[in-house]
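Asks: A single structure is presented below for examination.
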Amino acid sequence: MTPSTADTMELDVNALGTFYRMASEGAGLAAGRLTHMTGVDTRVGVTRLNFVRGSEVAAEFDDGRAKVGVRVDTEDGLEGSSMVVFDRENALRIVSTLVPDSMGATDEFDELNTSAMTEVGQIMNSGFIDGWADVLETVIDLSPPEFVTGESAADFIGHLPTAPDEDDFVVLFRSNIEAVGTEVGFSHYFFPEHESISSLVERRREDDAAAIDYDKLEGFDRMAEQGAEEAADNITTLTGIETEIDIRRLNFVSLEAIAEEVADEMLVGIAFEFDGTPSGYLVLMFDEDSAEHIAEAMMPGAGDGDDGLSEMGQSALQELGNIMTSGMLDGWANVLDTTIDHSTPEFIHDAGSAAIDPIVINLGENQEYAFVFDTRIRAADADIDCDIFAIPDEEDLMRALDDLDVARVGEAPTTAEFPVDGDEDVETVDEPDPDPDEIESDL
Amino acid sequence: MKTYGTEPGTPTTDPLRVGISEFAVSDGNETMKSYGLGSCLAIALWDPGAGIGGLAHVMLPSGDERDDSDRKPGKFADTAIRTMLRQIVEMGGDYTAVEAKIAGGSDMFEFDSFEEGVGKRNVEAAREELDKLGVPLVAEDVGGDRGRTVEFDAGSGALSIKTPDGNGPPTEL
C-alpha cells in the first residue's frame, strides 16, 4: 500500500480484517492450484499481515539471489500489479516437474521452460487474486502474464509506478505454504494502485470503528523499535551477554494464528498482563535449551534441575522476564507519552500454544484479530533465542495511537536499522523434509 | 466423505490437524489431532452405530451473539457442537446415538483480567450446550494447569490425551 503523505487514508480493524481474510483465502487457493499443477503436497500455515517500510520490500529483492517472477496487472475490482517471485533454482525445480523431457536442460530458461514457468506464475497469481475477489465479492480482471528475471529491486519493481517508496509503509500479506518433500519457496507481491486501494479501505470502514491514520503507522514502528531495544539492552545489563535484535515485526493476525504459530513446540514462557493505554499481555518464550543457557549464565548451576531448570533457574528467568518486560513497556510508554504497569510474572513450561491460548481466548471476547509486536532477541555466542509476543488490547492500542503526536515521534532520535524478518525469507534449497515456505503479498 | 471447518480447497494432511477454531467430521477411519490445548477445549462427538465422528478445537464459550460464528462455527463451544451434530446427521448418523467427550480447558495463568478462569468458562459452556441438546457427555479430562495434545479416532471413538512433552502414558477416554 503506498499512500502519499498528503492523503490521510484511515485504516480500521474492519478493513484490516478484510485484508486478512483476503490473504488467507488467496494463499489457500494458490496452494491448492500449485498442488494440482505440480503434484506437490502443500498445506497452508499461518497467515499474517505485516507492516513494513518500502525500503524493506526493496531489500528483499536486493538479496543478490537470481530470481524469476511472473507479473500480471489487475483491473476493475482492484487495480495494481501482482507478482509471484521464485528463487531461480526453485523455479527450475518446479519447471522440471512439469517439463520432464525438456532435453535435460533445466538449468536454463529456454522458450519451453519460460513458457511453463509463466503458466505456473499465472495460475498462482490468479489463485491469490481469485481468493481476494471472493472475499471482496467482486471481479478482478488479469492482464496476460509477463515473465521477469533478475536479482534486484530495480529488475522487478524499478519500473512499477505502484511500487512503494523507501519510507512508505506497506502491508505485507505473509502466509506459510508448507510443501512436503519439495522446495517451492516463493514470494507473492501485490502493489495496488493508490486510488483503488483507498476506496476499498474506505468502503470497508465502519463508521463507529476506531481507525488509525495511515501516517500513524510510524508510531507503531517507533513503539516496536524502542520496546525491542530496551528489552535487548536489559538482557545484556543483567547477564553480561551481548544480544542483538534478530527480528522485529508488527503483525496483524487472527487470534488463532498467534497460538498456531507456536503450537507443538515445548517452550519455557514468562507471561505478564499489562495495564494502561494500551493494556494487554506479554509473553517471553525461550526454547528449552535457551532457557537453560540463560539461567546458567545468570546463576551457575541454575540450569540443572530435574526437567532442565531448577527452581532457582525459574526464578532467575522470571526476574529477567520482569526486567525485559519493564524495558519493553517503558519503551512503548515513552513513545506514547503514557505509563504502562505490568503484573508479576507467571512461569510456564509447556507447549507454546498452551501458553498463548488463554491470552487469545481472553482477548477473543472482544476482538477477532490482534496487533502483535513480535520480537526475537538473539545472543548468538551464548546460543540463546528469546521470542517476545506483546499483544495489546486492540481498542486500547487504537486509542493510544490516535492520541499519538506523530510530529513529536518524528523528532525523537532514530537509531540504526536492523534487518527485519531476517530468518523467514531465507529459502533453503536442499532441505529434504517438509519445509515451511513463505509466500507473501504486498498490499 | 469428509467435511472440514476450514476453507474449501485447502490441502490436508494425515493425521488431520484440527487447528484452533477449526473442526472436522468424518465417516471414515480418520484420525484427527489438536496440539497444545491450554485453555482451549477439544470436543469430540461420535455416533458409535454409524462410526461417524467429529473433533472441534474451540476457543470461546458462546458464538450466538457473535458476527464471526457463521464464518467460524468451530471457534465457539455452542456453535461447534451444533454444527458437528448437524453434519453427523447429514452424513447418516443418528442424533440420539451421538455421545460426547471433552478434554482441555486448563487455566494456565492467574491474571486478574482472567477473572474466574478462561478454561473453566469453555468447559462449562460445552457441558451446558451438550445438556441442552441431550447429548450425553461420556468422558472428560478437563481443568488443571497443564497443556494437552489430543488425538481422536473417528472410527473407534477413542480420544487419546498426552501432555505436550510426550512424557508419561497417554490418557485414553
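Every chain in the C-alpha cells takes a letter, A first, then B, and so on in the order presented; its residues are numbered from 1, and the ligands are numbered from 1 following the presented order.
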Please identify all residues of chain A having at least one atom at most 6 Å from any atom of chain B, considering only C-alpha atoms, and return them as an MDAnalysis selection string.

Replies: chainID A and resid 28 43 256 263:264 351 353:354 357:358 361

Asks: Write the residues you've just listed into a file as a short mmCIF file (atom, residue, chain, number, x, y, z; two decimals), in the first residue's frame, and include all heavy atoms for each of them.

Replies:
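Produced file again.cif, reproduced below:
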```
data_model
loop_
_atom_site.label_atom_id
_atom_site.label_comp_id
_atom_site.auth_asym_id
_atom_site.auth_seq_id
_atom_site.Cartn_x
_atom_site.Cartn_y
_atom_site.Cartn_z
N GLY A 28 -4.78 -20.02 0.30
CA GLY A 28 -5.40 -21.33 0.19
C GLY A 28 -5.62 -21.73 -1.26
O GLY A 28 -5.29 -22.84 -1.68
N ARG A 43 0.36 -27.53 2.44
CA ARG A 43 -0.58 -27.19 3.49
C ARG A 43 -0.39 -25.71 3.81
O ARG A 43 0.73 -25.24 3.94
CB ARG A 43 -0.31 -28.01 4.75
CG ARG A 43 -1.32 -27.73 5.86
CD ARG A 43 -0.99 -28.50 7.13
NE ARG A 43 -2.13 -28.52 8.04
CZ ARG A 43 -2.43 -27.55 8.88
NH1 ARG A 43 -1.70 -26.47 8.94
NH2 ARG A 43 -3.49 -27.65 9.68
N GLU A 256 -6.26 -16.84 16.41
CA GLU A 256 -5.89 -18.25 16.29
C GLU A 256 -4.45 -18.41 15.81
O GLU A 256 -3.72 -19.28 16.28
CB GLU A 256 -6.81 -18.96 15.28
CG GLU A 256 -8.24 -19.15 15.72
CD GLU A 256 -9.12 -17.97 15.34
OE1 GLU A 256 -8.59 -16.87 15.10
OE2 GLU A 256 -10.36 -18.15 15.31
N ALA A 263 2.46 -23.84 18.04
CA ALA A 263 1.59 -24.89 18.55
C ALA A 263 2.28 -26.01 19.31
O ALA A 263 2.03 -26.22 20.48
CB ALA A 263 0.76 -25.46 17.42
N ASP A 264 3.14 -26.75 18.64
CA ASP A 264 3.56 -28.00 19.25
C ASP A 264 5.01 -28.00 19.74
O ASP A 264 5.57 -29.03 20.01
CB ASP A 264 3.31 -29.18 18.30
CG ASP A 264 3.67 -28.83 16.87
OD1 ASP A 264 4.12 -27.70 16.64
OD2 ASP A 264 3.53 -29.69 16.00
N ALA A 351 3.62 -26.65 26.02
CA ALA A 351 3.53 -26.39 24.58
C ALA A 351 3.28 -24.89 24.38
O ALA A 351 2.55 -24.27 25.17
CB ALA A 351 2.39 -27.18 23.97
N SER A 353 1.47 -23.22 22.33
CA SER A 353 0.08 -22.79 22.17
C SER A 353 -0.68 -22.84 23.48
O SER A 353 -1.60 -22.05 23.71
CB SER A 353 -0.64 -23.62 21.11
OG SER A 353 -0.71 -24.96 21.53
N ALA A 354 -0.27 -23.76 24.39
CA ALA A 354 -0.94 -23.83 25.69
C ALA A 354 -0.66 -22.58 26.51
O ALA A 354 -1.47 -22.17 27.34
CB ALA A 354 -0.50 -25.08 26.44
N ASP A 357 -2.79 -19.72 24.28
CA ASP A 357 -4.24 -19.75 24.03
C ASP A 357 -5.08 -19.10 25.13
O ASP A 357 -6.10 -18.46 24.82
CB ASP A 357 -4.73 -21.13 23.53
CG ASP A 357 -5.00 -22.18 24.61
OD1 ASP A 357 -4.99 -21.85 25.79
OD2 ASP A 357 -5.24 -23.35 24.22
N PRO A 358 -4.68 -19.18 26.43
CA PRO A 358 -5.51 -18.47 27.41
C PRO A 358 -5.58 -16.96 27.12
O PRO A 358 -6.61 -16.32 27.35
CB PRO A 358 -4.79 -18.71 28.74
CG PRO A 358 -3.85 -19.84 28.50
CD PRO A 358 -3.53 -19.86 27.05
N ILE A 361 -7.76 -16.30 24.09
CA ILE A 361 -9.16 -16.54 24.48
C ILE A 361 -9.70 -15.31 25.20
O ILE A 361 -10.80 -14.84 24.91
CB ILE A 361 -9.26 -17.78 25.39
CG1 ILE A 361 -9.06 -19.06 24.57
CG2 ILE A 361 -10.61 -17.82 26.10
CD1 ILE A 361 -8.93 -20.32 25.40
#
```

Asks: Can you list, as a PyMOL selection string, all residues belonging to region 111-314 of chain A that DSSP tags as strand (DSSP E or B)?

Replies: chain A and resi 140-142+146-150+169-179+186-192+211-213+244-254+266-276+280-287+305+308

Asks: Can you list, as a PyMOL selection string, every residue of region 134-362 of chain A that DSSP puts in alpha helix (DSSP H)?

Replies: chain A and resi 134-136+153-157+194-204+217-239+255-260+288-298+311-336+352-362

Asks: Have a look at CA of Asp153 (chain B) and CA of Thr31 (chain B) and let me know their distance in Å, one decimal.

Replies: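 Interatomic distance here is 4.5 Å.
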